[in-house]
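Heads up, the thing below is written out as structure tokens.
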Amino acid sequence: MVRRPVKGALSRPFRVAALPATTLLPKTPFFAARHELFNAEHIVEAARRLGAIERQRKVDMPGLVQAAVLSLSPIPGTQTTIYTLYCGIAGHTLAPSAFYERFTKPFAALMGELARRAIQAVMAVEPHDAEGQALQHLLERFTDVCVTDSTCQILHRLAACWAPSTSKERPASFKLHSVVSLRDNLPVEFHFSSQRDHDNGQLDDSALTPGTLFMADLGYVDQSRVLRLILRQIHTLMRLKLSQNPVIRRVVRGGGDKKAARGKKLDEAIDQGVLVFTSGAIDLDVDLEGVVDGEKVKRTVRVVGLSEPEIDDGNPRWYLTTVPRDVFNPEQVGLAYRLRWDIELLWKQMKSGAGMAALRAWREESVQALVYGKIVAVALARLLELSVCEVTREHAVGQLAIVLALSRSVPMMMAMALQERGVTIEEMERRILMIAAHVARSRNRRRDRAKRAQREGL
């Protein structure tokens, strides 16, 4: 099934492919990747190729890219933070209107390419990293463990033309859709849509590779998709919707009359008492039917039910999975599904750590460029974590803590950027005074305009 096109001129999804196994691993993951990502020659070449640099305009593109990535401040107004960082790196000011015009579609494409390269850098450094025994156990049986979900970000009301929301009070909001690999909690596919678009139609499962264990919540349940993934040798683990009522083919685990339960629908067998829980679990073979590429397909899959009265208040949890029983017993199905919540760590890192919650832009291309910058920052934080592990010989305290540590290190990273450009202490002082004077003057002008408007209203 092809992902439905999104209304408006929203961005196309991008996918991240792992680097070849022959890639040389850098000795210092964070600083090596930082130097490579912010390489001025590479940025200028990509900017010219994508059309982000125009002949009639002069822009310090490497400085703008660095400023966009390092704008991790939680203060509302991400573009204002980028502006001050850019002035510090480039050594000159711009009129705010001229600066905001730099955030074009080609520049958003440039930042998207940088995000892909940053994620590939993490994969190249530690392609087999796994945190926790549960994930390590899964990676011994699957080539990867991927989870999909989305998160919403409120925008300025002017963005309602391309990102309408479901709220009249907050008319503009977009969704970030992502397929995340739990190896490093970074996306292998990432794109935008308006908040009104349903998650199910936005899933691009072509980013999944054979041998992967794929987990999703109820919003992504689609029988045809499950069948298509089976044909592609991708294992699935999802919750079973209340509206789904499969026909029982065989009872592998469960009490009651197993023979009488065969051929009945699940709800019917439960209501009639011919199927009951044994030690809090039911494990069934059921028939799954659907249409894949215009043809009817029928396969046998598992339905697992788990009942823990102290947790679910008498409402059992039902799962649909294609994972064989010799890999997961019913209890392990429930434990594995809990890992799906790890995708929330990515949202927390981007919003609370990288400052995406401070985003106040409203033009589509600006929003895309800023979000891609946050992805680069999160990838850099992951590389910083790996570097810290090399020094301490133990796992770092947590990825969100590392993102926050990266945000607190921005002044020193700015100093490194200036040092690499040969900026002297005297020149740094001049740039600080230049930025302070320009920002203060701009703020005073805004206040004067607000006062004049208020007086005219009186």
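Order determines the names: the first chain of the structure tokens is A, the second B, and so forth; residues in each chain are numbered 1 upward, and ligands are numbered 1 upward as they are shown.
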
Checklist entry - So which residues touch segment 290-304 of chain A within 12 Å, counting only C-alpha atoms, skipping near sequence neighbours fewer than 5 positions away, as an MDAnalysis selection string? => result chainID A and resid 1:2 222:232 235:241 244:254 265:266 277:278 280:285 316:325 328:334 337

Item to check | Ala52 of chain A environment, 12 Å, only C-alpha atoms, sequence neighbours closer than 6 positions dropped, as a list of chain:residue names | outcome: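 These residues fall inside the cut-off: A:Ile43, A:Val44, A:Glu45, A:Ala46, A:Lys58, A:Val59, A:Asp60, A:Met61, A:Pro62, A:Leu64, A:Val65, A:Glu101, A:Arg102, A:Phe103, A:Thr104, A:Lys105, A:Pro106, A:Phe107, A:Ala108, A:Ala109, A:Leu110, A:Met111, A:Glu365, A:Ala369.
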
Next on the checklist: List the spatial neighbours of segment 146-149 of chain A as a list in words - criterion: any atom at most 6 Å away, only C-alpha atoms, same-chain residues fewer than 3 positions off excluded.
Outcome noted: Ser178, Val179, Val180, Ser181, Leu182, Phe214, Met215, Ala216 and Arg340 of chain A

Only N, CA and C atoms, please: the residues just picked out, written as an mmCIF file, in the first residue's frame.
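Result saved to selection15.cif:
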```
data_model
loop_
_atom_site.group_PDB
_atom_site.id
_atom_site.type_symbol
_atom_site.label_atom_id
_atom_site.label_comp_id
_atom_site.auth_asym_id
_atom_site.auth_seq_id
_atom_site.Cartn_x
_atom_site.Cartn_y
_atom_site.Cartn_z
ATOM 1 N N SER A 178 7.367 9.158 12.622
ATOM 2 C CA SER A 178 8.708 8.573 12.618
ATOM 3 C C SER A 178 8.656 7.073 12.805
ATOM 4 N N VAL A 179 9.543 6.380 12.112
ATOM 5 C CA VAL A 179 9.851 4.977 12.376
ATOM 6 C C VAL A 179 11.221 4.970 13.036
ATOM 7 N N VAL A 180 11.272 4.561 14.289
ATOM 8 C CA VAL A 180 12.482 4.681 15.099
ATOM 9 C C VAL A 180 13.078 3.305 15.347
ATOM 10 N N SER A 181 14.379 3.206 15.146
ATOM 11 C CA SER A 181 15.104 1.994 15.512
ATOM 12 C C SER A 181 15.491 2.084 16.977
ATOM 13 N N LEU A 182 15.143 1.066 17.751
ATOM 14 C CA LEU A 182 15.448 1.085 19.175
ATOM 15 C C LEU A 182 16.914 0.785 19.462
ATOM 16 N N PHE A 214 8.613 -5.220 14.121
ATOM 17 C CA PHE A 214 7.938 -3.929 14.007
ATOM 18 C C PHE A 214 6.789 -3.874 14.996
ATOM 19 N N MET A 215 6.748 -2.809 15.806
ATOM 20 C CA MET A 215 5.698 -2.630 16.806
ATOM 21 C C MET A 215 5.001 -1.295 16.603
ATOM 22 N N ALA A 216 3.696 -1.281 16.785
ATOM 23 C CA ALA A 216 2.903 -0.063 16.610
ATOM 24 C C ALA A 216 1.678 -0.136 17.499
ATOM 25 N N ARG A 340 7.747 -0.503 23.094
ATOM 26 C CA ARG A 340 7.228 0.478 22.145
ATOM 27 C C ARG A 340 7.252 1.886 22.731
#
```

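The residues of segment 153-292 of chain A that DSSP classifies as alpha helix (DSSP H), using the backbone of this structure, are A:Asp199, A:Asn200, A:Gly201, A:Gln202, A:Gln223, A:Ser224, A:Arg225, A:Val226, A:Leu227, A:Arg228, A:Leu229, A:Ile230, A:Leu231, A:Lys258, A:Lys259, A:Ala260, A:Ala261, A:Leu266, A:Asp267, A:Glu268, A:Ala269, A:Ile270, A:Asp271.
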
Just the selected residues (C-alpha atoms), exported as a CSV table (one decimal), in the first residue's frame, please.
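The new file out_35.csv reads:
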```
chain,number,residue,atom,x,y,z
A,199,ASP,CA,-1.5,8.2,11.7
A,200,ASN,CA,-2.4,5.0,9.8
A,201,GLY,CA,-2.2,6.5,6.4
A,202,GLN,CA,1.1,8.2,7.2
A,223,GLN,CA,-4.8,-6.2,8.4
A,224,SER,CA,-3.6,-5.7,4.8
A,225,ARG,CA,-0.4,-4.1,6.1
A,226,VAL,CA,0.2,-7.0,8.4
A,227,LEU,CA,-0.2,-9.4,5.6
A,228,ARG,CA,2.1,-7.4,3.3
A,229,LEU,CA,4.8,-7.3,6.1
A,230,ILE,CA,4.5,-11.1,6.4
A,231,LEU,CA,5.2,-11.4,2.7
A,258,LYS,CA,-10.5,-26.3,22.8
A,259,LYS,CA,-12.3,-28.4,20.3
A,260,ALA,CA,-15.5,-26.4,20.6
A,261,ALA,CA,-13.6,-23.1,20.3
A,266,LEU,CA,-12.9,-14.8,19.5
A,267,ASP,CA,-15.6,-12.8,21.2
A,268,GLU,CA,-18.1,-15.6,20.7
A,269,ALA,CA,-15.7,-18.2,22.3
A,270,ILE,CA,-15.0,-16.0,25.3
A,271,ASP,CA,-18.7,-15.1,25.9
```

Next on the checklist: Can you pull out the residues contacting Pro164 of chain A? Cut-off 9 Å, using only C-alpha atoms, and skip same-chain residues under 5 positions away; I want them as a PyMOL selection string.
Outcome noted: chain A and resi 157+159+171-174+194-196

Item to check | Distance query segment 437-439 of chain A at most 12 Å, only C-alpha atoms, self and fewer than 4 positions along chain excluded, as a PyMOL selection string | outcome: chain A and resi 80-81+83-85+87-88+92-96+430-433+443-446

Next on the checklist: Would you pick out the contacts of Tyr372 of chain A at 10 Å or less, using only C-alpha atoms, so that residues sharing its chain but fewer than 6 positions from it are not included, and give the list as a PyMOL selection string?
Outcome noted: chain A and resi 68-69+108-116+190-191+378

Export of prior selection with C-alpha atoms as a PDB file, in the first residue's frame:
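Ended up saving to part39.pdb:
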```pdb
ATOM      1  CA  ALA A  68      20.553  26.114  13.205  1.00  0.00           C
ATOM      2  CA  VAL A  69      21.891  22.953  14.869  1.00  0.00           C
ATOM      3  CA  ALA A 108      15.265  22.752   4.448  1.00  0.00           C
ATOM      4  CA  ALA A 109      16.461  20.074   1.999  1.00  0.00           C
ATOM      5  CA  LEU A 110      20.047  20.840   3.011  1.00  0.00           C
ATOM      6  CA  MET A 111      19.191  20.416   6.708  1.00  0.00           C
ATOM      7  CA  GLY A 112      17.351  17.176   5.903  1.00  0.00           C
ATOM      8  CA  GLU A 113      20.441  15.818   4.161  1.00  0.00           C
ATOM      9  CA  LEU A 114      22.536  16.816   7.172  1.00  0.00           C
ATOM     10  CA  ALA A 115      20.106  14.965   9.449  1.00  0.00           C
ATOM     11  CA  ARG A 116      20.495  11.794   7.389  1.00  0.00           C
ATOM     12  CA  PHE A 190      10.821  10.824   9.354  1.00  0.00           C
ATOM     13  CA  HIS A 191       8.308  13.203   7.799  1.00  0.00           C
ATOM     14  CA  VAL A 378      19.913  14.596  19.029  1.00  0.00           C
TER      15      VAL A 378
END
```

Checklist entry - Which residues in segment 114-179 of chain A does DSSP call strand (DSSP E)? List them as a PyMOL selection string. => result chain A and resi 144-154+173-179

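Those residues that approach Leu406 of chain A to within 8 Å, counting only C-alpha atoms, are Ala381, Leu384, Ile402 and Val410 of chain A; same-chain residues fewer than 4 positions away are not listed.
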
Selection export as a JSON list (two decimals), in the first residue's frame, atoms kept: C-alpha atoms:
```
[["chain", "number", "residue", "atom", "x", "y", "z"],
["A", 381, "ALA", "CA", 24.08, 14.00, 21.62],
["A", 384, "LEU", "CA", 28.57, 12.54, 22.73],
["A", 402, "ILE", "CA", 23.18, 13.93, 27.46],
["A", 410, "VAL", "CA", 26.77, 25.25, 23.20]]
```

Checklist entry - By how many Å are atom CA of Arg48 of chain A and atom CA of Ala163 of chain A apart? => result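 Atom CA of Arg48 of chain A sits 29.0 Å away from atom CA of Ala163 of chain A.
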
Checklist entry - Hey, can you check how far atom CA of Gly219 of chain A sits from atom CA of Gly263 of chain A? => result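 Going from atom CA of Gly219 of chain A over to atom CA of Gly263 of chain A covers 28.0 Å.
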